[in-house]
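**Q** One structure coming up, written as structure tokens, with questions to follow.
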Amino acid sequence: MDRALGLSLLLAAILTWFPSTGSAQQTIFFTENFDDANFASRGWYDIVGGGGTIDPNNHIPGSAASWNSRWTLGGTSASAGRPGRHKFAASGSVYVSFWMKLGSATVPWQGSGSPFHPHMIYLLTDADGDFVGPAWCNLEFLIEPSLFTPRLAATDGKRINTGQLGVNLLGTATPHAIGGGNGSQNSSAHYYSNGAGTYANGTFWDSASANFVNNTWHHVEVYVAMNSISGGIPQADGIIKFWVDGALVINQSNVYLRMAQFATQKFSQLLLSPYIGSGSPITQDLWIDNLVVADQPPASQTVPAPRNLRVIP
């Protein structure tokens, strides 16, 4: 490893292990270093296969191990299981930090082989139960790679107003969802029938570039804040931000995530469950290390653009 890169990774790893340095306002909900598979003892539940593979041979500097998600050819989920879900104090704003490596030197990362998936980290809300879907829910916010491109996404099929499909209800007091069925926030918004009168409904935001590199550890940071409600009307002021190795690659401050009928909806659960719905095109791996979940980023971090962050109660 290049010495300068190694020192950079070590410094960033230290900041990740101690993310509240210099920020009296930040509240850390929980951390997970993936040093062992005793996930239940650290508050995880809905664990599959004992939590999956702890890999002591692949990790960032200063860490003892990472979590490995291996898909077999045609597999939809990590073949050795997953850590599952972790609850945290309900909050209208969430900061997630972790390290991720896609693919290896011998087997390059191919992702899903499609324009959608793999889903990876889900943030779910207190508008749903502890074991919600997650695909059929009142809101899920997703952090994932689209091949090597960072992606944030939101789906809320359970909230869709099926009586007014195709009608733009965003920013109104009428009950509606924030995906494509009741109005499009961007060109990626979409909805389709699941049968039996239900619909999938969602939208996503991609980085303009492929910021991830195969077989390379990257520091991922994401911040999401619910939009406000004023006079019973949802305001287009939700915030989503995505940093890769300190570079701000997705930056939106005009997002809808909740509406008047869910005015108090807050994030309260993280689900770590990498998933390729159509099956992996090859046997391939990703690794995750040093996860931090908080209400906002640490103030000590330096970013190339103003964060304009707020904490939503």
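In the structure tokens, chains take the letters A, B, ... in the order shown, each chain's residues start at 1, and ligands count up from 1 in the order shown.
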Quick one: residues within 8 Å of A:His219, only C-alpha atoms counted, chain neighbours fewer than 6 positions away excluded, as a list in words?
**A** Ala12, Ser97, Phe98, Trp99, Met100, Trp243, Val244, Asp245 and Gly246 of chain A
**Q** Store the residues picked out above in a file with all heavy atoms, as a PDB file, in the first residue's frame.
**A**
ATOM      1  N   ALA A  12      -8.296   8.560   8.947  1.00  0.00           N
ATOM      2  CA  ALA A  12      -9.745   8.515   8.774  1.00  0.00           C
ATOM      3  C   ALA A  12     -10.363   7.438   9.647  1.00  0.00           C
ATOM      4  O   ALA A  12     -11.454   7.600  10.185  1.00  0.00           O
ATOM      5  CB  ALA A  12     -10.095   8.286   7.306  1.00  0.00           C
ATOM      6  N   SER A  97     -21.830   6.431   8.909  1.00  0.00           N
ATOM      7  CA  SER A  97     -20.444   6.390   8.444  1.00  0.00           C
ATOM      8  C   SER A  97     -19.974   4.945   8.466  1.00  0.00           C
ATOM      9  O   SER A  97     -20.224   4.214   9.431  1.00  0.00           O
ATOM     10  CB  SER A  97     -19.561   7.247   9.352  1.00  0.00           C
ATOM     11  OG  SER A  97     -18.185   6.990   9.139  1.00  0.00           O
ATOM     12  N   PHE A  98     -19.294   4.516   7.421  1.00  0.00           N
ATOM     13  CA  PHE A  98     -18.708   3.190   7.398  1.00  0.00           C
ATOM     14  C   PHE A  98     -17.650   3.137   6.298  1.00  0.00           C
ATOM     15  O   PHE A  98     -17.541   4.037   5.457  1.00  0.00           O
ATOM     16  CB  PHE A  98     -19.770   2.100   7.161  1.00  0.00           C
ATOM     17  CG  PHE A  98     -20.546   2.239   5.876  1.00  0.00           C
ATOM     18  CD1 PHE A  98     -20.172   1.558   4.726  1.00  0.00           C
ATOM     19  CD2 PHE A  98     -21.674   3.044   5.817  1.00  0.00           C
ATOM     20  CE1 PHE A  98     -20.891   1.683   3.543  1.00  0.00           C
ATOM     21  CE2 PHE A  98     -22.409   3.176   4.642  1.00  0.00           C
ATOM     22  CZ  PHE A  98     -22.015   2.499   3.506  1.00  0.00           C
ATOM     23  N   TRP A  99     -16.867   2.055   6.311  1.00  0.00           N
ATOM     24  CA  TRP A  99     -15.889   1.789   5.260  1.00  0.00           C
ATOM     25  C   TRP A  99     -16.390   0.619   4.427  1.00  0.00           C
ATOM     26  O   TRP A  99     -16.972  -0.329   4.967  1.00  0.00           O
ATOM     27  CB  TRP A  99     -14.524   1.476   5.860  1.00  0.00           C
ATOM     28  CG  TRP A  99     -13.853   2.672   6.452  1.00  0.00           C
ATOM     29  CD1 TRP A  99     -14.119   3.246   7.663  1.00  0.00           C
ATOM     30  CD2 TRP A  99     -12.818   3.445   5.865  1.00  0.00           C
ATOM     31  NE1 TRP A  99     -13.307   4.337   7.867  1.00  0.00           N
ATOM     32  CE2 TRP A  99     -12.495   4.487   6.770  1.00  0.00           C
ATOM     33  CE3 TRP A  99     -12.115   3.370   4.661  1.00  0.00           C
ATOM     34  CZ2 TRP A  99     -11.520   5.435   6.511  1.00  0.00           C
ATOM     35  CZ3 TRP A  99     -11.138   4.313   4.396  1.00  0.00           C
ATOM     36  CH2 TRP A  99     -10.845   5.326   5.318  1.00  0.00           C
ATOM     37  N   MET A 100     -16.145   0.676   3.126  1.00  0.00           N
ATOM     38  CA  MET A 100     -16.645  -0.368   2.233  1.00  0.00           C
ATOM     39  C   MET A 100     -15.606  -0.692   1.168  1.00  0.00           C
ATOM     40  O   MET A 100     -14.948   0.197   0.635  1.00  0.00           O
ATOM     41  CB  MET A 100     -17.941   0.088   1.561  1.00  0.00           C
ATOM     42  CG  MET A 100     -18.534  -0.924   0.583  1.00  0.00           C
ATOM     43  SD  MET A 100     -20.102  -0.352  -0.134  1.00  0.00           S
ATOM     44  CE  MET A 100     -19.506   0.996  -1.185  1.00  0.00           C
ATOM     45  N   TRP A 243     -20.943  11.424   1.003  1.00  0.00           N
ATOM     46  CA  TRP A 243     -19.522  11.702   0.847  1.00  0.00           C
ATOM     47  C   TRP A 243     -18.780  10.394   0.588  1.00  0.00           C
ATOM     48  O   TRP A 243     -19.067   9.375   1.213  1.00  0.00           O
ATOM     49  CB  TRP A 243     -18.939  12.335   2.098  1.00  0.00           C
ATOM     50  CG  TRP A 243     -19.423  13.695   2.450  1.00  0.00           C
ATOM     51  CD1 TRP A 243     -18.881  14.893   2.071  1.00  0.00           C
ATOM     52  CD2 TRP A 243     -20.537  14.026   3.323  1.00  0.00           C
ATOM     53  NE1 TRP A 243     -19.586  15.934   2.636  1.00  0.00           N
ATOM     54  CE2 TRP A 243     -20.599  15.437   3.400  1.00  0.00           C
ATOM     55  CE3 TRP A 243     -21.472  13.272   4.030  1.00  0.00           C
ATOM     56  CZ2 TRP A 243     -21.566  16.096   4.162  1.00  0.00           C
ATOM     57  CZ3 TRP A 243     -22.441  13.910   4.776  1.00  0.00           C
ATOM     58  CH2 TRP A 243     -22.475  15.319   4.840  1.00  0.00           C
ATOM     59  N   VAL A 244     -17.825  10.420  -0.305  1.00  0.00           N
ATOM     60  CA  VAL A 244     -16.915   9.290  -0.533  1.00  0.00           C
ATOM     61  C   VAL A 244     -15.500   9.803  -0.322  1.00  0.00           C
ATOM     62  O   VAL A 244     -15.049  10.715  -1.036  1.00  0.00           O
ATOM     63  CB  VAL A 244     -17.059   8.705  -1.950  1.00  0.00           C
ATOM     64  CG1 VAL A 244     -16.046   7.587  -2.163  1.00  0.00           C
ATOM     65  CG2 VAL A 244     -18.478   8.192  -2.183  1.00  0.00           C
ATOM     66  N   ASP A 245     -14.826   9.269   0.684  1.00  0.00           N
ATOM     67  CA  ASP A 245     -13.459   9.680   1.024  1.00  0.00           C
ATOM     68  C   ASP A 245     -13.372  11.193   1.199  1.00  0.00           C
ATOM     69  O   ASP A 245     -12.415  11.848   0.755  1.00  0.00           O
ATOM     70  CB  ASP A 245     -12.482   9.198  -0.052  1.00  0.00           C
ATOM     71  CG  ASP A 245     -12.481   7.689  -0.206  1.00  0.00           C
ATOM     72  OD1 ASP A 245     -12.703   6.991   0.796  1.00  0.00           O
ATOM     73  OD2 ASP A 245     -12.283   7.204  -1.342  1.00  0.00           O
ATOM     74  N   GLY A 246     -14.392  11.780   1.821  1.00  0.00           N
ATOM     75  CA  GLY A 246     -14.408  13.206   2.114  1.00  0.00           C
ATOM     76  C   GLY A 246     -14.968  14.085   1.028  1.00  0.00           C
ATOM     77  O   GLY A 246     -15.202  15.275   1.252  1.00  0.00           O
TER      78      GLY A 246
END
**Q** Residues near A:Arg258, anyone? I mean within 10 Å using only C-alpha atoms, not counting same-chain ones fewer than 3 positions away, as a PyMOL selection string.
**A** chain A and resi 138-139+156+159+170-171+176-178+226-229+234-236+238+255+261-266
**Q** Near A:Gly81, counting only C-alpha atoms, which residues have an atom at most 12 Å away, once you skip same-chain residues fewer than 2 positions from it, shown as a list in words?
**A**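 That gives Ala37, Phe39, Asp46, Ile47, Val48, Gly49, Gly50, Gly51, Gly52, Thr53, Ile54, Trp67, Asn68, Ser69, Arg70, Trp71, Gly75, Thr76, Ser77, Ala78, Ser79, Pro83, Gly84, Leu272, Ser273, Pro274 and Tyr275 of chain A.
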**Q** With only C-alpha atoms as the atoms that count, which of A:Pro297, A:Leu147, A:Asn182, A:Trp287 lies nearest to A:Gln164?
**A**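 Among A:Pro297, A:Leu147, A:Asn182, A:Trp287, it is A:Asn182 that comes nearest to A:Gln164.
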**Q** Could you jot down the atom CA of A:Asp130 to atom CA of A:Ala40 separation for me, Å, one decimal place?
**A**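 So the two atoms, atom CA of A:Asp130 and atom CA of A:Ala40, lie 15.0 Å apart.
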**Q** Enumerate, as a PyMOL selection string, the complete set of residues in stretch 70-149 of chain A that a backbone-based DSSP assignment places in strand (DSSP E or B).
**A** chain A and resi 70-71+77+82+84-91+93-102+119-125+140-146+149
**Q** Please, what distance in Å, to one decimal, runs between atom CA of A:Tyr45 and atom CA of A:His86?
**A**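 According to the coordinates, atom CA of A:Tyr45 and atom CA of A:His86 are separated by 6.4 Å.
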**Q** Restricting the calculation to only C-alpha atoms, which member of A:Ile143, A:Met259, A:Ala299, A:Leu291 is positioned closest to A:Phe242?
**A**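 Checking each of A:Ile143, A:Met259, A:Ala299, A:Leu291 against A:Phe242, counting only C-alpha atoms, the winner is A:Ile143.
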**Q** Under the rule that only C-alpha atoms are counted, which of A:Tyr95, A:Phe267, A:Phe34, A:Tyr256 is the nearest residue to A:Ser66?
**A**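 When distances to A:Ser66 are compared using only C-alpha atoms, the smallest one comes from A:Phe34.
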**Q** What gap, in Å, lies between atom CA of A:Ser193 and atom CA of A:Leu152?
**A**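 That distance, rounded to one decimal, is 22.4 Å.
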**Q** Which is closest to A:Val132 among A:Ser209, A:Ser268, A:Gln252, A:Ser230, if we use only C-alpha atoms?
**A** A:Ser268
